[in-house]
Amino acid sequence: MRNVTSNSPMTSLNTWLSKAAMTFNKDDSQSELAPIEKVESYHDSESAVDERYRFIGEKLASYLPTSDYQQHALHYVLKGIGHLPAPLLENLVGRLKGPTSEQYLHADAHMRLIIAVNSKLKTPLQVDKMQELRERFAADAVAMQAPKVWQKNTTKSNIKRFIKKDDIAVNWQDKTIANADDGDMTVRCYQATVGNKTQAKINPDETVMLFFHGGGFCIGDVDTHHEFCHAVCEQTGWPVVSVDYRLSPEYSAPVALRDCIAAYAWLADNCQSLGASAKRIVLAGDSAGGGLSTLVAQQVMTPVQSAWADLGADGQKTFELLQDLPAPLAQMPLYPVTDVETDYPSWELYGEGLLLDHADVAVFDAACLANSPLSRDHVLISPMIGDNSRVCPTYVVASELDVLRDEAFAYAKQLESFGIATQTYTVLGAPHGFIHLMSVHQGIAKETHDIIKGFAQFVSEVISTQAKLAA
């Protein structure tokens, strides 16, 4: 997660780019990195730079987008930097005192540069400035997303005539549903179309994904995770429903969980309108959202009445709602929060200098637990504490360079001990929150595609196994 020090998500990064440009624009004949001509060139049809740009600063500037795409400026800058020759990237990482290839063996220079820039721009989080952080995170997250994922395929859209007849087009619509306390809550519903094919033909298994965004239970929304949900819908043909649950510190735990259960109940009642079946709901979420996925999967199958009684009438209401919900088909928690009590080895290995560090976790914990009626070791707070013996088949995704890595592994191991169908996919060289880099880093783009493909295959195998058992 990136935390910038200005209301504009570009200001700090542009300042850094300017300094880098000034450094490399010096007419230093002794520097092997000064003239572009002395560096091995690259050829990419989307990012080729005119030969007149002889210096690094000019080359970086050439990637800045036109005024039509300023909202997604970070996308162009970060993706463009990735096309620079490796020696230049390594030099920039070194000048920023970023991590070396020896420290992070599987992280390429582009990823290590992103980590280094984030480290330079990062400022300490504060609970009393959470609203400001939300705004900055939201601006940054959208600015990193590819503009194409925000283009709708409507009859009024100029883009529609360029779509090939076999291409999948994704449309989405925000709906207002009731949260756990009967207030308003937004869900964003994505649906795919292919030419004149019906939704049923695109999604013959009638699967639908319910997605919970990450952000430490304090930041994030349906916009910050729009690109990933769009990609899942486009790649699988499944409808996707993304949940804008209430955030801390205004709403302490377990309000977010109760909202996510309310969204699950809404989807179970309304999935037919999306061309899906209530028996084919798959859960997913990243980071805090991954934790919510594991808790929803757990409580739908084995709700604990005594645990919900600790919340009084509100808890009783949610417990009653859980009684009639269909079982989820499968889940995919991405680098999830699963154990808030145990310090695993990754806590020390990757707790400093990355996109999520010890201090961030402490602030997010304080924000969502300070006014909670529940303790840290309550079953509705920490997924590993509850009964996971009947959880649905699970596809766990972990990131290597992540303070939460080992608790993702521990969760997968626990499910395996219960005989639950479980697969673990680890993204090497990737930090926590890597799905936000899916369109600006080539390696992460491939990994994200493979994760979605792998989960779709996993779900298909679950469906096939269920069909064989029912025969």
# chains A, B, ... in the order shown; residues from 1 in each chain; ligands from 1

call {"tool": "residues_around", "arguments": {"residues": "region 290-294 of chain A", "least_positions_apart": "6", "cutoff": "10 Å", "atoms": "only C-alpha atoms", "output": "ChimeraX atom specification"}}
result
/A:210-214,216-217,254,256-258,260-261,282-284,331-339,380-384,388,391-392,394,396-397,408,411

call {"tool": "residues_around", "arguments": {"residues": "Gln103 (chain A)", "least_positions_apart": "6", "cutoff": "12 Å", "atoms": "only C-alpha atoms", "output": "PDB file with N, CA and C atoms, in the first residue's frame"}}
result
ATOM      1  N   ALA A 109      14.735  -5.718 -11.176  1.00  0.00           N
ATOM      2  CA  ALA A 109      15.110  -4.333 -10.877  1.00  0.00           C
ATOM      3  C   ALA A 109      13.908  -3.404 -10.879  1.00  0.00           C
ATOM      4  N   ARG A 112      12.154  -3.857  -7.568  1.00  0.00           N
ATOM      5  CA  ARG A 112      12.945  -3.285  -6.484  1.00  0.00           C
ATOM      6  C   ARG A 112      12.964  -1.767  -6.538  1.00  0.00           C
ATOM      7  N   LEU A 349      11.284 -11.190   8.813  1.00  0.00           N
ATOM      8  CA  LEU A 349      11.997 -11.130   7.532  1.00  0.00           C
ATOM      9  C   LEU A 349      11.570  -9.951   6.672  1.00  0.00           C
ATOM     10  N   TYR A 350      10.260  -9.652   6.648  1.00  0.00           N
ATOM     11  CA  TYR A 350       9.744  -8.675   5.691  1.00  0.00           C
ATOM     12  C   TYR A 350       8.928  -7.573   6.353  1.00  0.00           C
ATOM     13  N   GLY A 353      10.641  -1.874   5.275  1.00  0.00           N
ATOM     14  CA  GLY A 353      11.111  -1.480   3.951  1.00  0.00           C
ATOM     15  C   GLY A 353      10.268  -1.914   2.781  1.00  0.00           C
ATOM     16  N   LEU A 401       7.535 -11.608  -0.559  1.00  0.00           N
ATOM     17  CA  LEU A 401       8.104 -10.499   0.206  1.00  0.00           C
ATOM     18  C   LEU A 401       7.010  -9.821   1.022  1.00  0.00           C
ATOM     19  N   GLY A 429       9.179 -12.951  -5.444  1.00  0.00           N
ATOM     20  CA  GLY A 429       9.654 -11.608  -5.772  1.00  0.00           C
ATOM     21  C   GLY A 429       8.588 -10.545  -5.725  1.00  0.00           C
TER      22      GLY A 429
END

call {"tool": "select_by_dssp", "arguments": {"residues": "region 250-357 of chain A", "states": "strand (DSSP E)", "output": "list in words"}}
result
Ile281, Val282, Leu283, Ala284, Gly285, Asp286, Ala330, Gln331, Met332, Pro333 and Leu334 of chain A

call {"tool": "atom_distance", "arguments": {"atom1": "CA of Val379 (chain A)", "atom2": "CA of Glu250 (chain A)"}}
result
21.5 Å

call {"tool": "closest_residue", "arguments": {"among": "A:Phe319, A:Val142, A:Asp357, A:Pro239", "to": "Thr207 (chain A)", "atoms": "only C-alpha atoms"}}
result
A:Pro239

call {"tool": "residues_around", "arguments": {"residues": "Glu447 (chain A)", "least_positions_apart": "5", "cutoff": "12 Å", "atoms": "only C-alpha atoms", "output": "PyMOL selection string"}}
result
chain A and resi 397-399+425-430+434-435+437-439+441-442+452-454

call {"tool": "write_last_selection", "arguments": {"atoms": "all heavy atoms", "output": "CSV table (one decimal), in the first residue's frame"}}
result
chain,number,residue,atom,x,y,z
A,397,VAL,N,-3.3,-17.7,-2.1
A,397,VAL,CA,-2.3,-17.0,-2.8
A,397,VAL,C,-1.4,-16.2,-1.8
A,397,VAL,O,-1.9,-15.4,-1.0
A,397,VAL,CB,-2.8,-16.1,-3.9
A,397,VAL,CG1,-1.7,-15.3,-4.6
A,397,VAL,CG2,-3.7,-16.9,-4.9
A,398,ALA,N,-0.1,-16.5,-1.8
A,398,ALA,CA,0.8,-15.8,-1.0
A,398,ALA,C,1.8,-15.0,-1.8
A,398,ALA,O,2.2,-15.4,-2.9
A,398,ALA,CB,1.5,-16.8,0.0
A,399,SER,N,2.3,-13.9,-1.2
A,399,SER,CA,3.4,-13.1,-1.8
A,399,SER,C,4.7,-13.4,-1.0
A,399,SER,O,4.6,-13.4,0.2
A,399,SER,CB,3.1,-11.7,-1.9
A,399,SER,OG,2.6,-11.1,-0.7
A,425,TYR,N,-0.5,-21.0,-4.0
A,425,TYR,CA,0.3,-20.4,-5.1
A,425,TYR,C,1.1,-19.2,-4.5
A,425,TYR,O,0.5,-18.3,-3.9
A,425,TYR,CB,-0.7,-19.9,-6.2
A,425,TYR,CG,0.0,-19.4,-7.4
A,425,TYR,CD1,-0.1,-20.1,-8.6
A,425,TYR,CD2,0.6,-18.2,-7.5
A,425,TYR,CE1,0.5,-19.7,-9.8
A,425,TYR,CE2,1.2,-17.7,-8.6
A,425,TYR,CZ,1.1,-18.5,-9.8
A,425,TYR,OH,1.7,-18.0,-10.9
A,426,THR,N,2.4,-19.3,-4.6
A,426,THR,CA,3.3,-18.3,-4.0
A,426,THR,C,3.9,-17.5,-5.2
A,426,THR,O,4.5,-18.0,-6.1
A,426,THR,CB,4.4,-18.9,-3.2
A,426,THR,OG1,3.8,-19.7,-2.2
A,426,THR,CG2,5.2,-17.8,-2.6
A,427,VAL,N,3.7,-16.2,-5.1
A,427,VAL,CA,4.3,-15.3,-6.1
A,427,VAL,C,5.7,-14.8,-5.7
A,427,VAL,O,5.8,-14.0,-4.7
A,427,VAL,CB,3.4,-14.1,-6.4
A,427,VAL,CG1,4.0,-13.2,-7.5
A,427,VAL,CG2,2.0,-14.5,-6.8
A,428,LEU,N,6.7,-15.4,-6.3
A,428,LEU,CA,8.1,-15.0,-5.9
A,428,LEU,C,8.4,-13.6,-6.3
A,428,LEU,O,8.0,-13.2,-7.3
A,428,LEU,CB,9.1,-16.0,-6.5
A,428,LEU,CG,8.9,-17.5,-6.1
A,428,LEU,CD1,9.9,-18.4,-6.8
A,428,LEU,CD2,9.0,-17.7,-4.6
A,429,GLY,N,9.2,-13.0,-5.4
A,429,GLY,CA,9.7,-11.6,-5.8
A,429,GLY,C,8.6,-10.5,-5.7
A,429,GLY,O,8.8,-9.4,-6.2
A,430,ALA,N,7.4,-10.9,-5.1
A,430,ALA,CA,6.3,-9.9,-5.1
A,430,ALA,C,6.1,-9.5,-3.7
A,430,ALA,O,6.1,-10.3,-2.7
A,430,ALA,CB,5.1,-10.5,-5.7
A,434,PHE,N,0.5,-6.8,-4.3
A,434,PHE,CA,1.0,-6.8,-5.7
A,434,PHE,C,-0.1,-6.7,-6.7
A,434,PHE,O,0.2,-6.3,-7.9
A,434,PHE,CB,1.9,-8.1,-5.9
A,434,PHE,CG,1.1,-9.4,-5.9
A,434,PHE,CD1,0.4,-9.8,-7.0
A,434,PHE,CD2,1.2,-10.2,-4.8
A,434,PHE,CE1,-0.3,-11.0,-7.0
A,434,PHE,CE2,0.5,-11.4,-4.8
A,434,PHE,CZ,-0.2,-11.8,-5.9
A,435,ILE,N,-1.3,-7.1,-6.4
A,435,ILE,CA,-2.3,-7.0,-7.5
A,435,ILE,C,-2.5,-5.5,-8.0
A,435,ILE,O,-3.0,-5.3,-9.1
A,435,ILE,CB,-3.7,-7.6,-7.1
A,435,ILE,CG1,-4.4,-6.9,-6.0
A,435,ILE,CG2,-3.5,-9.1,-6.9
A,435,ILE,CD1,-5.8,-7.3,-5.7
A,437,LEU,N,-0.2,-3.8,-8.9
A,437,LEU,CA,0.8,-3.6,-9.9
A,437,LEU,C,0.6,-4.4,-11.2
A,437,LEU,O,1.4,-4.5,-12.0
A,437,LEU,CB,2.2,-3.9,-9.3
A,437,LEU,CG,2.6,-3.2,-8.0
A,437,LEU,CD1,3.9,-3.8,-7.4
A,437,LEU,CD2,2.7,-1.7,-8.2
A,438,MET,N,-0.6,-5.0,-11.3
A,438,MET,CA,-0.8,-6.0,-12.3
A,438,MET,C,-0.7,-5.4,-13.7
A,438,MET,O,-0.5,-6.2,-14.7
A,438,MET,CB,-2.2,-6.6,-12.1
A,438,MET,CG,-3.4,-5.7,-12.2
A,438,MET,SD,-5.0,-6.6,-11.9
A,438,MET,CE,-5.1,-7.5,-13.5
A,439,SER,N,-0.9,-4.1,-14.0
A,439,SER,CA,-0.8,-3.6,-15.3
A,439,SER,C,0.4,-2.7,-15.5
A,439,SER,O,0.5,-2.1,-16.6
A,439,SER,CB,-2.1,-2.8,-15.7
A,439,SER,OG,-2.3,-1.7,-14.9
A,441,HIS,N,3.6,-3.8,-14.1
A,441,HIS,CA,4.8,-4.6,-14.0
A,441,HIS,C,4.6,-5.9,-14.8
A,441,HIS,O,3.6,-6.6,-14.6
A,441,HIS,CB,5.1,-4.9,-12.5
A,441,HIS,CG,6.4,-5.7,-12.3
A,441,HIS,ND1,6.5,-7.1,-12.5
A,441,HIS,CD2,7.6,-5.3,-11.9
A,441,HIS,CE1,7.7,-7.5,-12.2
A,441,HIS,NE2,8.4,-6.4,-11.9
A,442,GLN,N,5.5,-6.2,-15.8
A,442,GLN,CA,5.3,-7.3,-16.7
A,442,GLN,C,5.2,-8.7,-15.9
A,442,GLN,O,4.3,-9.5,-16.2
A,442,GLN,CB,6.4,-7.4,-17.7
A,442,GLN,CG,6.3,-6.2,-18.7
A,442,GLN,CD,7.4,-6.4,-19.8
A,442,GLN,OE1,8.2,-7.3,-19.8
A,442,GLN,NE2,7.3,-5.5,-20.8
A,452,ILE,N,-5.5,-16.1,-11.7
A,452,ILE,CA,-6.9,-16.2,-12.1
A,452,ILE,C,-7.2,-17.5,-12.9
A,452,ILE,O,-8.2,-18.2,-12.6
A,452,ILE,CB,-7.3,-15.0,-12.9
A,452,ILE,CG1,-7.2,-13.7,-12.1
A,452,ILE,CG2,-8.7,-15.1,-13.4
A,452,ILE,CD1,-7.3,-12.4,-12.9
A,453,LYS,N,-6.3,-17.8,-13.8
A,453,LYS,CA,-6.4,-19.1,-14.5
A,453,LYS,C,-6.4,-20.3,-13.6
A,453,LYS,O,-7.2,-21.2,-13.7
A,453,LYS,CB,-5.3,-19.2,-15.6
A,453,LYS,CG,-5.4,-20.4,-16.4
A,453,LYS,CD,-4.2,-20.5,-17.5
A,453,LYS,CE,-4.3,-21.7,-18.3
A,453,LYS,NZ,-3.1,-21.8,-19.3
A,454,GLY,N,-5.5,-20.3,-12.7
A,454,GLY,CA,-5.3,-21.4,-11.8
A,454,GLY,C,-6.5,-21.6,-10.9
A,454,GLY,O,-7.0,-22.7,-10.6

call {"tool": "closest_residue", "arguments": {"among": "A:Thr123, A:Leu133, A:Arg390, A:Ala146", "to": "Phe418 (chain A)", "atoms": "only C-alpha atoms"}}
result
A:Arg390

call {"tool": "closest_residue", "arguments": {"among": "A:Ala288, A:Leu125, A:Leu325, A:Val232", "to": "Ile451 (chain A)", "atoms": "only C-alpha atoms"}}
result
A:Val232

call {"tool": "decode", "arguments": {"residues": "region 242-318 of chain A", "atoms": "C-alpha atoms", "output": "compact mmCIF listing (two decimals), in the first residue's frame"}}
result
# COMPACT_ATOMS: atom_id res chain seq x y z
CA SER A 242 -17.28 -6.35 -5.25
CA VAL A 243 -18.37 -5.23 -1.77
CA ASP A 244 -17.90 -1.71 -0.35
CA TYR A 245 -18.15 -2.72 3.32
CA ARG A 246 -17.86 -0.20 6.16
CA LEU A 247 -14.38 0.76 7.34
CA SER A 248 -12.57 1.37 10.60
CA PRO A 249 -12.00 3.34 12.75
CA GLU A 250 -15.54 4.69 12.26
CA TYR A 251 -16.85 1.12 12.31
CA SER A 252 -14.72 -1.22 14.38
CA ALA A 253 -14.50 -4.99 13.97
CA PRO A 254 -16.50 -7.04 13.27
CA VAL A 255 -18.76 -4.59 11.37
CA ALA A 256 -16.89 -5.33 8.12
CA LEU A 257 -17.50 -9.07 8.57
CA ARG A 258 -21.18 -8.52 9.24
CA ASP A 259 -21.45 -6.38 6.09
CA CYS A 260 -19.72 -9.05 4.02
CA ILE A 261 -22.12 -11.70 5.31
CA ALA A 262 -25.02 -9.38 4.42
CA ALA A 263 -23.57 -9.07 0.90
CA TYR A 264 -23.27 -12.87 0.68
CA ALA A 265 -26.92 -13.21 1.63
CA TRP A 266 -27.92 -10.60 -0.96
CA LEU A 267 -25.94 -12.41 -3.66
CA ALA A 268 -27.48 -15.76 -2.74
CA ASP A 269 -30.92 -14.18 -3.28
CA ASN A 270 -30.04 -12.26 -6.44
CA CYS A 271 -27.42 -14.33 -8.28
CA GLN A 272 -29.91 -15.54 -10.90
CA SER A 273 -30.11 -11.98 -12.25
CA LEU A 274 -26.37 -12.33 -12.92
CA GLY A 275 -26.72 -15.65 -14.69
CA ALA A 276 -25.33 -17.59 -11.74
CA SER A 277 -26.39 -20.14 -9.17
CA ALA A 278 -26.52 -19.71 -5.39
CA LYS A 279 -24.71 -23.05 -5.18
CA ARG A 280 -21.78 -21.69 -7.20
CA ILE A 281 -20.66 -18.66 -5.15
CA VAL A 282 -16.88 -18.39 -4.84
CA LEU A 283 -15.27 -16.01 -2.36
CA ALA A 284 -12.15 -13.93 -2.84
CA GLY A 285 -10.36 -10.99 -1.29
CA ASP A 286 -6.89 -9.58 -0.81
CA SER A 287 -5.11 -8.81 2.48
CA ALA A 288 -7.82 -7.72 4.95
CA GLY A 289 -10.36 -8.78 2.30
CA GLY A 290 -8.69 -12.20 2.20
CA GLY A 291 -9.19 -12.41 5.94
CA LEU A 292 -12.84 -11.50 5.49
CA SER A 293 -13.15 -14.22 2.85
CA THR A 294 -11.82 -16.83 5.26
CA LEU A 295 -14.14 -15.65 8.04
CA VAL A 296 -17.21 -15.67 5.78
CA ALA A 297 -16.30 -19.15 4.51
CA GLN A 298 -15.92 -20.31 8.11
CA GLN A 299 -19.05 -18.74 9.58
CA VAL A 300 -21.37 -19.69 6.72
CA MET A 301 -20.46 -23.33 7.32
CA THR A 302 -20.07 -23.41 11.11
CA PRO A 303 -21.57 -20.30 12.71
CA VAL A 304 -20.78 -20.06 16.41
CA GLN A 305 -23.83 -18.83 18.30
CA SER A 306 -21.91 -17.99 21.46
CA ALA A 307 -19.47 -15.87 19.47
CA TRP A 308 -22.24 -13.89 17.82
CA ALA A 309 -24.00 -13.52 21.18
CA ASP A 310 -21.04 -11.39 22.29
CA LEU A 311 -22.39 -8.69 19.95
CA GLY A 312 -25.85 -8.66 21.48
CA ALA A 313 -28.85 -8.05 19.23
CA ASP A 314 -26.66 -7.21 16.22
CA GLY A 315 -24.84 -10.48 16.56
CA GLN A 316 -28.04 -12.44 16.94
CA LYS A 317 -29.37 -10.88 13.75
CA THR A 318 -26.28 -11.95 11.78
